[in-house]
$ cat my_file.csv   # CSV, C-alpha atoms and all ligand atoms
chain,number,residue,atom,x,y,z
S,1,MET,CA,45.7,54.1,-25.9
S,2,ALA,CA,48.3,53.3,-28.6
S,3,GLY,CA,51.4,51.5,-27.5
S,4,ARG,CA,54.1,53.7,-26.1
S,5,ARG,CA,57.8,53.3,-25.5
S,6,ILE,CA,58.3,53.0,-21.8
S,7,LEU,CA,61.4,52.8,-19.6
S,8,LEU,CA,60.9,50.8,-16.4
S,9,THR,CA,63.7,51.4,-13.9
S,10,GLY,CA,63.8,48.7,-11.2
S,11,GLY,CA,61.6,46.6,-13.6
S,12,ALA,CA,63.2,43.3,-12.5
S,13,GLY,CA,62.0,43.9,-8.9
S,14,TYR,CA,58.9,42.7,-7.1
S,15,ILE,CA,56.4,45.4,-8.2
S,16,GLY,CA,58.4,46.3,-11.4
S,17,SER,CA,58.2,42.8,-12.8
S,18,HIS,CA,54.4,42.6,-12.3
S,19,THR,CA,54.1,46.0,-13.9
S,20,TYR,CA,56.2,45.0,-16.8
S,21,LEU,CA,53.6,42.3,-17.6
S,22,ALA,CA,50.7,44.6,-17.1
S,23,LEU,CA,52.2,47.3,-19.4
S,24,SER,CA,53.2,44.7,-22.0
S,25,GLU,CA,49.7,43.2,-22.0
S,26,ALA,CA,48.3,46.8,-22.5
S,27,GLY,CA,50.4,47.0,-25.7
S,28,HIS,CA,53.3,49.1,-24.6
S,29,ALA,CA,56.9,48.5,-25.7
S,30,VAL,CA,58.8,48.2,-22.4
S,31,THR,CA,62.5,48.4,-21.6
S,32,ILE,CA,63.7,47.4,-18.2
S,33,LEU,CA,66.7,49.1,-16.6
S,34,ASP,CA,67.9,47.4,-13.4
S,35,SER,CA,71.2,47.0,-11.6
S,36,PHE,CA,70.0,43.6,-10.1
S,37,GLU,CA,71.0,45.0,-6.7
S,38,ASN,CA,67.8,43.4,-5.3
S,39,ALA,CA,66.5,41.1,-8.1
S,40,ARG,CA,67.3,37.7,-9.5
S,41,ARG,CA,68.5,37.6,-13.1
S,42,SER,CA,66.2,34.6,-13.8
S,43,VAL,CA,63.2,37.0,-13.5
S,44,VAL,CA,64.0,38.4,-17.0
S,45,ASP,CA,63.9,34.9,-18.6
S,46,ARG,CA,60.6,34.2,-16.8
S,47,LEU,CA,59.0,37.5,-18.0
S,48,GLY,CA,60.0,36.4,-21.6
S,49,ARG,CA,58.4,33.0,-21.0
S,50,ILE,CA,55.2,34.5,-19.7
S,51,THR,CA,54.9,37.0,-22.6
S,52,GLY,CA,56.3,34.8,-25.3
S,53,ARG,CA,58.6,37.7,-26.4
S,54,PRO,CA,62.2,38.6,-25.7
S,55,VAL,CA,62.6,41.1,-22.9
S,56,ASP,CA,64.6,44.3,-23.5
S,57,VAL,CA,66.9,44.7,-20.5
S,58,ILE,CA,69.6,47.2,-19.7
S,59,ASP,CA,71.9,46.2,-16.8
S,60,ALA,CA,72.7,49.6,-15.3
S,61,ASP,CA,72.6,51.7,-12.2
S,62,VAL,CA,70.1,54.5,-12.2
S,63,ARG,CA,72.8,56.8,-10.8
S,64,ASP,CA,74.9,56.3,-14.0
S,65,ALA,CA,74.1,59.3,-16.2
S,66,ALA,CA,76.0,58.0,-19.2
S,67,ALA,CA,74.2,54.7,-19.2
S,68,LEU,CA,70.9,56.4,-18.9
S,69,ASP,CA,71.8,58.8,-21.7
S,70,ALA,CA,72.7,55.9,-24.0
S,71,ALA,CA,69.5,54.1,-23.1
S,72,PHE,CA,67.4,57.2,-24.0
S,73,ALA,CA,69.4,57.7,-27.3
S,74,GLN,CA,68.6,54.1,-28.2
S,75,GLY,CA,65.1,53.7,-26.8
S,76,ARG,CA,63.6,57.2,-27.5
S,77,PHE,CA,61.3,56.6,-24.5
S,78,GLU,CA,58.0,58.5,-24.2
S,79,ALA,CA,57.7,57.9,-20.5
S,80,VAL,CA,59.4,56.4,-17.5
S,81,VAL,CA,58.0,54.4,-14.6
S,82,HIS,CA,60.6,54.7,-11.8
S,83,PHE,CA,60.7,51.8,-9.3
S,84,ALA,CA,64.5,51.6,-8.8
S,85,ALA,CA,65.2,52.4,-5.1
S,86,LEU,CA,66.4,50.9,-1.9
S,87,LYS,CA,63.3,50.0,0.3
S,88,ALA,CA,64.2,48.4,3.6
S,89,VAL,CA,63.3,50.7,6.5
S,90,SER,CA,65.6,49.3,9.2
S,91,ASP,CA,68.5,49.1,6.6
S,92,SER,CA,67.9,52.8,5.8
S,93,VAL,CA,68.4,53.7,9.5
S,94,LYS,CA,71.8,51.9,9.4
S,95,ARG,CA,73.0,53.4,6.1
S,96,PRO,CA,71.1,56.6,5.3
S,97,LEU,CA,73.8,57.8,2.8
S,98,ASP,CA,73.1,54.9,0.5
S,99,TYR,CA,69.4,55.5,0.6
S,100,PHE,CA,69.7,59.2,-0.2
S,101,ASP,CA,72.2,58.4,-2.9
S,102,VAL,CA,70.0,55.9,-4.7
S,103,ASN,CA,66.6,57.2,-3.9
S,104,VAL,CA,67.2,60.9,-4.3
S,105,GLY,CA,70.4,61.0,-6.3
S,106,GLY,CA,69.2,58.4,-8.7
S,107,LEU,CA,65.9,60.3,-9.2
S,108,THR,CA,67.8,63.6,-9.9
S,109,THR,CA,70.1,61.9,-12.4
S,110,LEU,CA,67.2,60.3,-14.1
S,111,LEU,CA,65.2,63.5,-14.3
S,112,LYS,CA,68.1,65.4,-15.8
S,113,VAL,CA,68.6,62.8,-18.5
S,114,MET,CA,64.9,62.7,-19.2
S,115,GLU,CA,64.8,66.5,-19.7
S,116,ALA,CA,67.9,66.3,-22.0
S,117,HIS,CA,65.9,63.8,-24.2
S,118,ASP,CA,62.7,65.8,-24.0
S,119,CYS,CA,60.9,63.1,-22.1
S,120,ARG,CA,58.7,64.6,-19.4
S,121,ARG,CA,56.2,61.9,-18.4
S,122,LEU,CA,57.0,60.0,-15.2
S,123,VAL,CA,55.3,57.6,-12.8
S,124,PHE,CA,56.9,57.6,-9.4
S,125,SER,CA,56.8,54.9,-6.7
S,126,SER,CA,56.0,56.6,-3.5
S,127,SER,CA,54.7,55.0,-0.3
S,128,ALA,CA,52.2,55.3,2.5
S,129,THR,CA,55.2,55.7,4.8
S,130,VAL,CA,55.3,59.5,3.8
S,131,TYR,CA,52.3,59.9,6.2
S,132,GLY,CA,54.3,58.8,9.3
S,133,VAL,CA,51.7,58.3,12.0
S,134,PRO,CA,48.7,59.8,10.3
S,135,ASP,CA,46.0,61.7,12.2
S,136,GLU,CA,43.2,60.3,10.0
S,137,THR,CA,42.3,56.8,8.9
S,138,PRO,CA,41.5,56.0,6.1
S,139,THR,CA,44.2,58.4,5.2
S,140,PRO,CA,43.6,60.9,2.4
S,141,GLU,CA,46.3,62.3,0.1
S,142,THR,CA,45.9,65.7,1.8
S,143,ALA,CA,47.4,64.3,5.1
S,144,GLU,CA,50.7,66.0,5.9
S,145,PHE,CA,54.2,64.6,5.4
S,146,ARG,CA,55.8,63.0,8.5
S,147,ALA,CA,59.2,61.3,8.1
S,148,MET,CA,59.7,58.3,10.4
S,149,ASN,CA,63.0,57.1,9.0
S,150,PRO,CA,65.6,57.8,6.3
S,151,TYR,CA,63.7,55.7,3.7
S,152,GLY,CA,60.5,57.6,4.3
S,153,GLN,CA,62.4,60.9,4.1
S,154,THR,CA,63.8,60.0,0.7
S,155,LYS,CA,60.3,59.4,-0.6
S,156,ILE,CA,59.1,62.8,0.8
S,157,ILE,CA,62.1,64.6,-0.8
S,158,GLY,CA,61.4,62.7,-4.1
S,159,GLU,CA,57.8,63.9,-4.1
S,160,GLN,CA,58.8,67.5,-3.2
S,161,LEU,CA,61.4,67.6,-5.9
S,162,LEU,CA,58.8,66.4,-8.4
S,163,GLY,CA,56.4,69.1,-7.2
S,164,TRP,CA,59.0,71.8,-7.8
S,165,LEU,CA,59.9,70.4,-11.2
S,166,SER,CA,56.3,70.4,-12.4
S,167,ALA,CA,55.9,73.9,-11.1
S,168,SER,CA,59.0,74.9,-13.1
S,169,ASP,CA,57.8,73.7,-16.5
S,170,PRO,CA,54.2,72.7,-17.4
S,171,ARG,CA,55.5,70.2,-19.9
S,172,TRP,CA,56.2,67.8,-17.1
S,173,ALA,CA,53.3,65.3,-16.3
S,174,ILE,CA,54.1,63.3,-13.3
S,175,GLY,CA,52.0,60.6,-11.6
S,176,ILE,CA,52.9,60.1,-7.9
S,177,LEU,CA,51.5,56.8,-6.6
S,178,ARG,CA,51.6,56.1,-2.9
S,179,TYR,CA,51.4,52.4,-2.4
S,180,PHE,CA,50.1,50.9,0.7
S,181,ASN,CA,51.1,47.2,1.4
S,182,PRO,CA,51.7,45.3,-1.8
S,183,ALA,CA,51.2,41.5,-1.4
S,184,GLY,CA,50.6,38.4,-3.5
S,185,ALA,CA,52.2,37.1,-6.7
S,186,HIS,CA,51.4,36.7,-10.4
S,187,ALA,CA,48.8,34.2,-11.5
S,188,SER,CA,51.4,32.4,-13.6
S,189,THR,CA,53.3,31.4,-10.3
S,190,MET,CA,56.5,32.3,-12.2
S,191,ILE,CA,57.2,35.6,-10.4
S,192,GLY,CA,56.6,36.9,-6.9
S,193,GLU,CA,58.3,38.3,-3.9
S,194,ASP,CA,61.2,36.2,-2.7
S,195,PRO,CA,63.7,38.1,-0.6
S,196,ARG,CA,67.2,36.6,-0.3
S,197,ASP,CA,67.5,37.4,3.4
S,198,ILE,CA,65.1,36.9,6.3
S,199,PRO,CA,62.1,39.0,5.2
S,200,ASN,CA,61.3,42.2,7.2
S,201,ASN,CA,57.7,42.4,5.9
S,202,LEU,CA,54.8,40.3,7.1
S,203,MET,CA,53.6,38.5,4.0
S,204,PRO,CA,56.9,37.2,2.8
S,205,PHE,CA,57.8,36.2,6.4
S,206,ILE,CA,54.6,34.2,6.8
S,207,SER,CA,55.2,32.5,3.4
S,208,LYS,CA,58.5,31.3,4.7
S,209,VAL,CA,57.0,29.9,7.8
S,210,ALA,CA,54.4,28.1,5.7
S,211,THR,CA,57.2,26.4,3.6
S,212,GLY,CA,59.0,25.5,6.8
S,213,GLU,CA,62.0,27.7,6.1
S,214,LEU,CA,61.4,29.7,9.2
S,215,PRO,CA,60.0,28.3,12.4
S,216,LYS,CA,57.4,30.8,13.6
S,217,ILE,CA,56.0,34.3,13.1
S,218,SER,CA,56.6,37.0,15.7
S,219,VAL,CA,53.5,39.2,16.0
S,220,PHE,CA,55.0,42.6,16.8
S,221,GLY,CA,52.6,43.8,19.5
S,222,ASP,CA,49.1,42.9,20.5
S,223,ASP,CA,48.3,46.0,22.6
S,224,TYR,CA,47.7,48.6,19.8
S,225,ASP,CA,44.4,50.5,19.8
S,226,THR,CA,43.0,48.2,17.0
S,227,PRO,CA,40.2,45.6,17.1
S,228,ASP,CA,42.4,42.7,18.1
S,229,GLY,CA,45.4,44.7,19.3
S,230,THR,CA,47.7,43.9,16.4
S,231,GLY,CA,48.8,46.2,13.6
S,232,VAL,CA,46.4,46.9,10.8
S,233,ARG,CA,47.4,47.4,7.1
S,234,ASP,CA,45.8,47.9,3.8
S,235,TYR,CA,47.2,45.0,1.7
S,236,ILE,CA,46.9,45.4,-2.0
S,237,HIS,CA,47.4,42.6,-4.6
S,238,VAL,CA,50.5,43.3,-6.6
S,239,GLU,CA,48.5,42.6,-9.8
S,240,ASP,CA,46.0,45.3,-8.9
S,241,LEU,CA,48.9,47.6,-8.1
S,242,ALA,CA,50.5,46.9,-11.4
S,243,ARG,CA,47.2,47.8,-13.2
S,244,GLY,CA,47.3,51.1,-11.3
S,245,HIS,CA,50.5,52.0,-13.2
S,246,VAL,CA,48.9,51.3,-16.6
S,247,LEU,CA,46.0,53.6,-15.6
S,248,SER,CA,48.4,56.3,-14.3
S,249,LEU,CA,50.4,56.3,-17.5
S,250,GLY,CA,47.3,56.4,-19.6
S,251,LYS,CA,46.1,59.4,-17.7
S,252,LEU,CA,49.4,61.2,-18.1
S,253,PHE,CA,49.2,60.8,-21.9
S,254,GLU,CA,45.6,61.6,-22.1
S,255,SER,CA,45.5,64.7,-19.9
S,256,GLY,CA,49.1,66.0,-20.1
S,257,GLU,CA,48.8,66.7,-16.4
S,258,GLY,CA,50.1,65.1,-13.3
S,259,HIS,CA,48.3,63.4,-10.4
S,260,LEU,CA,49.0,62.2,-6.8
S,261,VAL,CA,47.0,59.3,-5.5
S,262,ASN,CA,47.0,56.5,-2.9
S,263,LEU,CA,46.9,53.0,-4.2
S,264,GLY,CA,45.2,50.8,-1.7
S,265,THR,CA,41.9,49.0,-1.2
S,266,GLY,CA,40.5,51.2,1.5
S,267,ARG,CA,40.2,48.3,3.9
S,268,GLY,CA,42.5,47.1,6.6
S,269,TYR,CA,43.4,43.7,8.0
S,270,SER,CA,45.2,42.9,11.3
S,271,VAL,CA,48.3,40.8,11.6
S,272,LEU,CA,46.2,38.0,13.1
S,273,GLU,CA,43.7,38.2,10.2
S,274,VAL,CA,46.5,37.9,7.7
S,275,ILE,CA,47.9,34.8,9.5
S,276,SER,CA,44.4,33.2,9.5
S,277,ALA,CA,44.0,34.0,5.7
S,278,TYR,CA,47.4,32.5,4.9
S,279,LYS,CA,46.5,29.4,7.0
S,280,ARG,CA,43.4,28.9,4.9
S,281,ALA,CA,45.3,29.4,1.6
S,282,SER,CA,48.2,27.2,2.4
S,283,ASN,CA,46.4,24.6,4.5
S,284,ARG,CA,49.4,24.7,6.9
S,285,ASP,CA,49.4,25.3,10.6
S,286,LEU,CA,51.3,28.5,11.1
S,287,ALA,CA,53.1,28.9,14.4
S,288,PHE,CA,53.2,32.4,15.9
S,289,GLU,CA,54.0,34.1,19.1
S,290,ILE,CA,53.2,37.5,20.5
S,291,ALA,CA,56.5,39.6,20.6
S,292,PRO,CA,57.2,43.2,21.7
S,293,ARG,CA,56.2,46.0,19.4
S,294,ARG,CA,58.7,46.8,16.5
S,295,PRO,CA,60.3,50.2,17.1
S,296,GLY,CA,58.9,52.8,14.7
S,297,ASP,CA,55.8,50.8,13.7
S,298,VAL,CA,52.6,52.5,12.9
S,299,PRO,CA,49.4,51.1,14.5
S,300,ILE,CA,47.1,51.5,11.4
S,301,TYR,CA,47.7,52.3,7.7
S,302,VAL,CA,44.6,52.3,5.6
S,303,ALA,CA,44.2,54.2,2.3
S,304,SER,CA,41.5,56.5,1.4
S,305,ALA,CA,41.0,55.0,-2.1
S,306,GLU,CA,38.5,57.5,-3.4
S,307,LYS,CA,40.9,59.8,-5.2
S,308,ALA,CA,42.4,57.0,-7.3
S,309,ALA,CA,38.9,55.9,-8.3
S,310,GLU,CA,37.9,59.4,-9.3
S,311,VAL,CA,41.1,60.5,-11.1
S,312,LEU,CA,42.3,57.2,-12.6
S,313,GLY,CA,39.1,55.0,-12.4
S,314,PHE,CA,41.2,52.6,-10.3
S,315,ARG,CA,39.4,50.1,-8.1
S,316,THR,CA,41.1,47.0,-6.6
S,317,GLU,CA,39.6,43.7,-7.7
S,318,LYS,CA,41.5,41.1,-5.6
S,319,THR,CA,40.9,40.0,-2.0
S,320,LEU,CA,43.2,39.2,0.9
S,321,ASP,CA,42.4,35.5,0.3
S,322,GLN,CA,43.6,35.9,-3.3
S,323,MET,CA,46.8,37.6,-2.2
S,324,CYS,CA,47.5,34.7,0.2
S,325,ALA,CA,46.6,32.0,-2.3
S,326,SER,CA,48.8,33.5,-5.1
S,327,SER,CA,51.7,34.0,-2.6
S,328,TRP,CA,51.4,30.4,-1.6
S,329,ALA,CA,51.1,29.1,-5.1
S,330,TRP,CA,54.3,31.0,-6.0
S,331,ILE,CA,56.4,30.2,-2.9
S,332,SER,CA,55.4,26.6,-2.8
S,333,GLY,CA,55.8,26.1,-6.6
S,334,GLU,CA,58.7,25.1,-8.6
S,335,HIS,CA,59.8,28.6,-9.7
S,336,SER,CA,60.5,30.4,-6.4
S,337,GLY,CA,64.0,30.7,-4.9
S,338,GLY,CA,67.1,30.0,-6.9
S,339,THR,CA,70.8,30.7,-6.7
S,340,ASP,CA,71.2,33.5,-9.3
T,1,LIG,P1,62.4,45.7,-5.2
T,1,LIG,O1,63.7,45.9,-4.3
T,1,LIG,O2,61.9,44.4,-5.4
T,1,LIG,O3,62.6,46.5,-6.6
T,1,LIG,C1,63.5,47.5,-6.8
T,1,LIG,C2,64.3,47.2,-8.0
T,1,LIG,O4,65.3,48.3,-8.2
T,1,LIG,C3,65.2,46.0,-7.8
T,1,LIG,O5,65.0,45.2,-9.0
T,1,LIG,C4,66.6,46.5,-7.7
T,1,LIG,O6,67.6,45.6,-8.2
T,1,LIG,C5,66.5,47.8,-8.5
T,1,LIG,N1,67.5,48.8,-8.0
T,1,LIG,C6,67.9,49.1,-6.8
T,1,LIG,N2,68.8,50.0,-6.8
T,1,LIG,C7,69.1,50.3,-8.1
T,1,LIG,C8,69.9,51.2,-8.8
T,1,LIG,N3,70.8,52.0,-8.1
T,1,LIG,N4,69.9,51.2,-10.1
T,1,LIG,C9,69.1,50.4,-10.8
T,1,LIG,N5,68.3,49.5,-10.2
T,1,LIG,C10,68.2,49.5,-8.9
T,1,LIG,O7,61.3,46.6,-4.5
T,1,LIG,P2,59.7,46.8,-4.8
T,1,LIG,O8,59.0,46.3,-3.6
T,1,LIG,O9,59.4,46.2,-6.1
T,1,LIG,O10,59.6,48.3,-4.8
T,1,LIG,C11,59.6,49.1,-6.0
T,1,LIG,C12,59.4,50.6,-5.6
T,1,LIG,O11,58.2,50.7,-4.9
T,1,LIG,C13,60.5,51.2,-4.8
T,1,LIG,O12,60.7,52.5,-5.2
T,1,LIG,C14,59.9,51.2,-3.4
T,1,LIG,O13,60.5,52.1,-2.6
T,1,LIG,C15,58.4,51.4,-3.7
T,1,LIG,N6,57.5,50.9,-2.7
T,1,LIG,C16,57.5,49.6,-2.3
T,1,LIG,C17,56.7,49.1,-1.3
T,1,LIG,C18,56.7,47.7,-0.9
T,1,LIG,O14,56.2,47.4,0.2
T,1,LIG,N7,57.2,46.8,-1.6
T,1,LIG,C19,55.7,50.0,-0.8
T,1,LIG,C20,55.7,51.3,-1.2
T,1,LIG,C21,56.6,51.8,-2.1
T,2,LIG,C1,52.9,44.9,8.5
T,2,LIG,C2,52.4,44.6,9.9
T,2,LIG,C3,54.0,44.8,11.6
T,2,LIG,C4,56.5,41.5,10.3
T,2,LIG,C5,56.9,48.6,5.7
T,2,LIG,C6,57.5,49.9,5.5
T,2,LIG,C7,56.8,50.7,4.4
T,2,LIG,C8,56.6,49.9,3.2
T,2,LIG,C9,56.2,48.5,3.4
T,2,LIG,C10,57.8,50.7,1.3
T,2,LIG,C11,52.9,45.6,11.0
T,2,LIG,C12,53.5,43.4,11.5
T,2,LIG,C13,55.5,42.4,10.4
T,2,LIG,C14,56.6,40.4,11.2
T,2,LIG,C15,54.7,41.4,12.4
T,2,LIG,N1,57.5,49.8,2.2
T,2,LIG,N2,54.6,42.4,11.4
T,2,LIG,N3,55.6,40.4,12.2
T,2,LIG,O1,55.4,48.1,8.5
T,2,LIG,O2,53.4,48.4,7.0
T,2,LIG,O3,55.6,48.8,6.1
T,2,LIG,O4,56.9,47.9,4.5
T,2,LIG,O5,57.5,51.8,1.1
T,2,LIG,O6,57.6,51.8,4.2
T,2,LIG,O7,57.5,50.6,6.7
T,2,LIG,O8,54.8,46.5,6.6
T,2,LIG,O9,54.9,44.0,6.3
T,2,LIG,O10,56.7,45.2,7.7
T,2,LIG,O11,54.3,45.0,8.6
T,2,LIG,O12,53.9,41.3,13.3
T,2,LIG,O13,57.5,39.5,11.2
T,2,LIG,O14,52.8,43.3,10.3
T,2,LIG,O15,54.2,45.1,13.0
T,2,LIG,O16,51.8,45.8,11.9
T,2,LIG,P1,54.8,48.0,7.2
T,2,LIG,P2,55.2,45.1,7.2

$ encode --input "my_file.csv" --output "structure tokens"
Amino acid sequence: MAGRRILLTGGAGYIGSHTYLALSEAGHAVTILDSFENARRSVVDRLGRITGRPVDVIDADVRDAAALDAAFAQGRFEAVVHFAALKAVSDSVKRPLDYFDVNVGGLTTLLKVMEAHDCRRLVFSSSATVYGVPDETPTPETAEFRAMNPYGQTKIIGEQLLGWLSASDPRWAIGILRYFNPAGAHASTMIGEDPRDIPNNLMPFISKVATGELPKISVFGDDYDTPDGTGVRDYIHVEDLARGHVLSLGKLFESGEGHLVNLGTGRGYSVLEVISAYKRASNRDLAFEIAPRRPGDVPIYVASAEKAAEVLGFRTEKTLDQMCASSWAWISGEHSGGTD
């Protein structure tokens, strides 16, 4: 596919920054729009060092219609990949208004500006969380919506809004990608996941125990109906996930039609298996204790990965060991952390 002009909202974040690299490598001209609400500014400089080219960045909020309008007037984008959102489940329970404002309001603002500029191709970051506690594992895309928390509800509303929009005008071509559990870091060791606060998610938490920043891992429950009693998830390497976006965009341009797919590996690992894999990767002894279940947790999330293979030709290439090794290389290397 010929290079396209793409706007990447939230492109300085964890998944967005990896996708920036994958899209640039595929020959696209990419502009990042980010408010740096949850990203370090040094990421931009690093993306430039990895690609060897200056990075086009707009420092703006996705709810700011005037800033988006100016960006479109200047960039004449042919498609948008929309990552910008708030994503912490427990935080969403405490401040639902902010989550609806950014995740739903930001999406609506973006879509209106896109329409005004005649740009109707969009890739949207959705999540396995829209399935709530699914009846079926591996979970197919046909499973019903079940909101478990405000964050999950914002993703369901976002998907529904996009469904109505596509139905209203066939010129829209929208790819909805439901990510399972992204993990790992870029092979350069220059970008990765590095939350400023104590991480909520398993992999970044383990990585900080491995570096000695946190004393031990709490395993949230060992009495689930799973092989070893701990929660099972479908971890997907962030570089595989990033490649999924390149394929999704390619498909939108080629077919002119939208799609809705899970992005996962189709295979699950338990919390104890992830800890063992990280021990192997880091060569560190990782202390853990069994703690009570975390409220609202789902026992098992595993993707049915067949539709993404069929529709996009997407198949994951990287293993859990590679996710842990790249996470460790990043977090123990010279580039992680920082004060910016
Ligand atoms: P992230 O927080 O690292 O990235 C989000 C980016 O959006 C950040 O750079 C942040 O600064 C920016 N942002 C936030 N609010 C903004 C606003 N109002 N205006 C402009 N920029 C704003 O998160 P991530 O893990 O890279 O997630 C990216 C997307 O994928 C999100 O939509 C998230 O909901 C979705 N998702 C993430 C996961 C996961 O486990 N990481 C799983 C499923 C779906
Ligand atoms: C994985 C497993 C925990 C931390 C959440 C959101 C979801 C999504 C990704 C965006 C579970 C266990 C965790 C710890 C543990 N994001 N765990 N000790 O819960 O699948 O998904 O993040 O869309 O919406 O709900 O990911 O990494 O938090 O947990 O034992 O310190 O690890 O109980 O079984 P989860 P996670």

$ residues_around --input "my_file.csv" --residues "region 99-109 of chain S" --least-positions-apart "4" --cutoff "6 Å" --atoms "all atoms listed in the file" --output "MDAnalysis selection string"
chainID S and resid 62:63 85

$ residues_near_ligand --input "my_file.csv" --ligand "ligand LIG 1 (chain T)" --cutoff "8 Å" --atoms "only C-alpha atoms and all ligand atoms" --output "PyMOL selection string"
chain S and resi 9-17+33-40+59-63+82-87+102-103+106+124-129+151+155+178-183+193+201

$ atom_distance --input "my_file.csv" --atom1 "CA of Phe253 (chain S)" --atom2 "CA of Ile174 (chain S)"
10.2 Å

$ closest_residue --input "my_file.csv" --among "S:Leu241, S:Leu286, S:Val113, S:Met203" --to "ligand LIG 2 (chain T)" --atoms "only C-alpha atoms and all ligand atoms"
S:Met203

$ atom_distance --input "my_file.csv" --atom1 "atom C12 of ligand LIG 2 (chain T)" --atom2 "CA of Val261 (chain S)"
24.2 Å

$ atom_distance --input "my_file.csv" --atom1 "CA of Gly192 (chain S)" --atom2 "CA of Ile206 (chain S)"
14.1 Å

$ residues_near_ligand --input "my_file.csv" --ligand "ligand LIG 2 (chain T)" --cutoff "6 Å" --atoms "all atoms listed in the file" --output "compact mmCIF listing (two decimals) with C-alpha atoms, in the frame of the given file"
# COMPACT_ATOMS: atom_id res chain seq x y z
CA LYS S 87 63.30 50.00 0.30
CA VAL S 89 63.30 50.70 6.50
CA SER S 127 54.70 55.00 -0.30
CA THR S 129 55.20 55.70 4.80
CA ASN S 181 51.10 47.20 1.40
CA ASN S 200 61.30 42.20 7.20
CA ASN S 201 57.70 42.40 5.90
CA LEU S 202 54.80 40.30 7.10
CA PHE S 205 57.80 36.20 6.40
CA ILE S 217 56.00 34.30 13.10
CA SER S 218 56.60 37.00 15.70
CA VAL S 219 53.50 39.20 16.00
CA PHE S 220 55.00 42.60 16.80
CA GLY S 231 48.80 46.20 13.60
CA VAL S 232 46.40 46.90 10.80
CA VAL S 271 48.30 40.80 11.60
CA ARG S 294 58.70 46.80 16.50
CA ASP S 297 55.80 50.80 13.70

$ residues_around --input "my_file.csv" --residues "Val246 (chain S)" --least-positions-apart "3" --cutoff "9 Å" --atoms "only C-alpha atoms" --output "MDAnalysis selection string"
chainID S and resid 19 22:23 26 242:243 249:251

$ residues_around --input "my_file.csv" --residues "Gly333 (chain S)" --least-positions-apart "4" --cutoff "10 Å" --atoms "only C-alpha atoms" --output "MDAnalysis selection string"
chainID S and resid 189:190 327:329 337

$ closest_residue --input "my_file.csv" --among "S:Ser282, S:Asp169, S:Ala73, S:His245" --to "Tyr20 (chain S)" --atoms "only C-alpha atoms"
S:His245
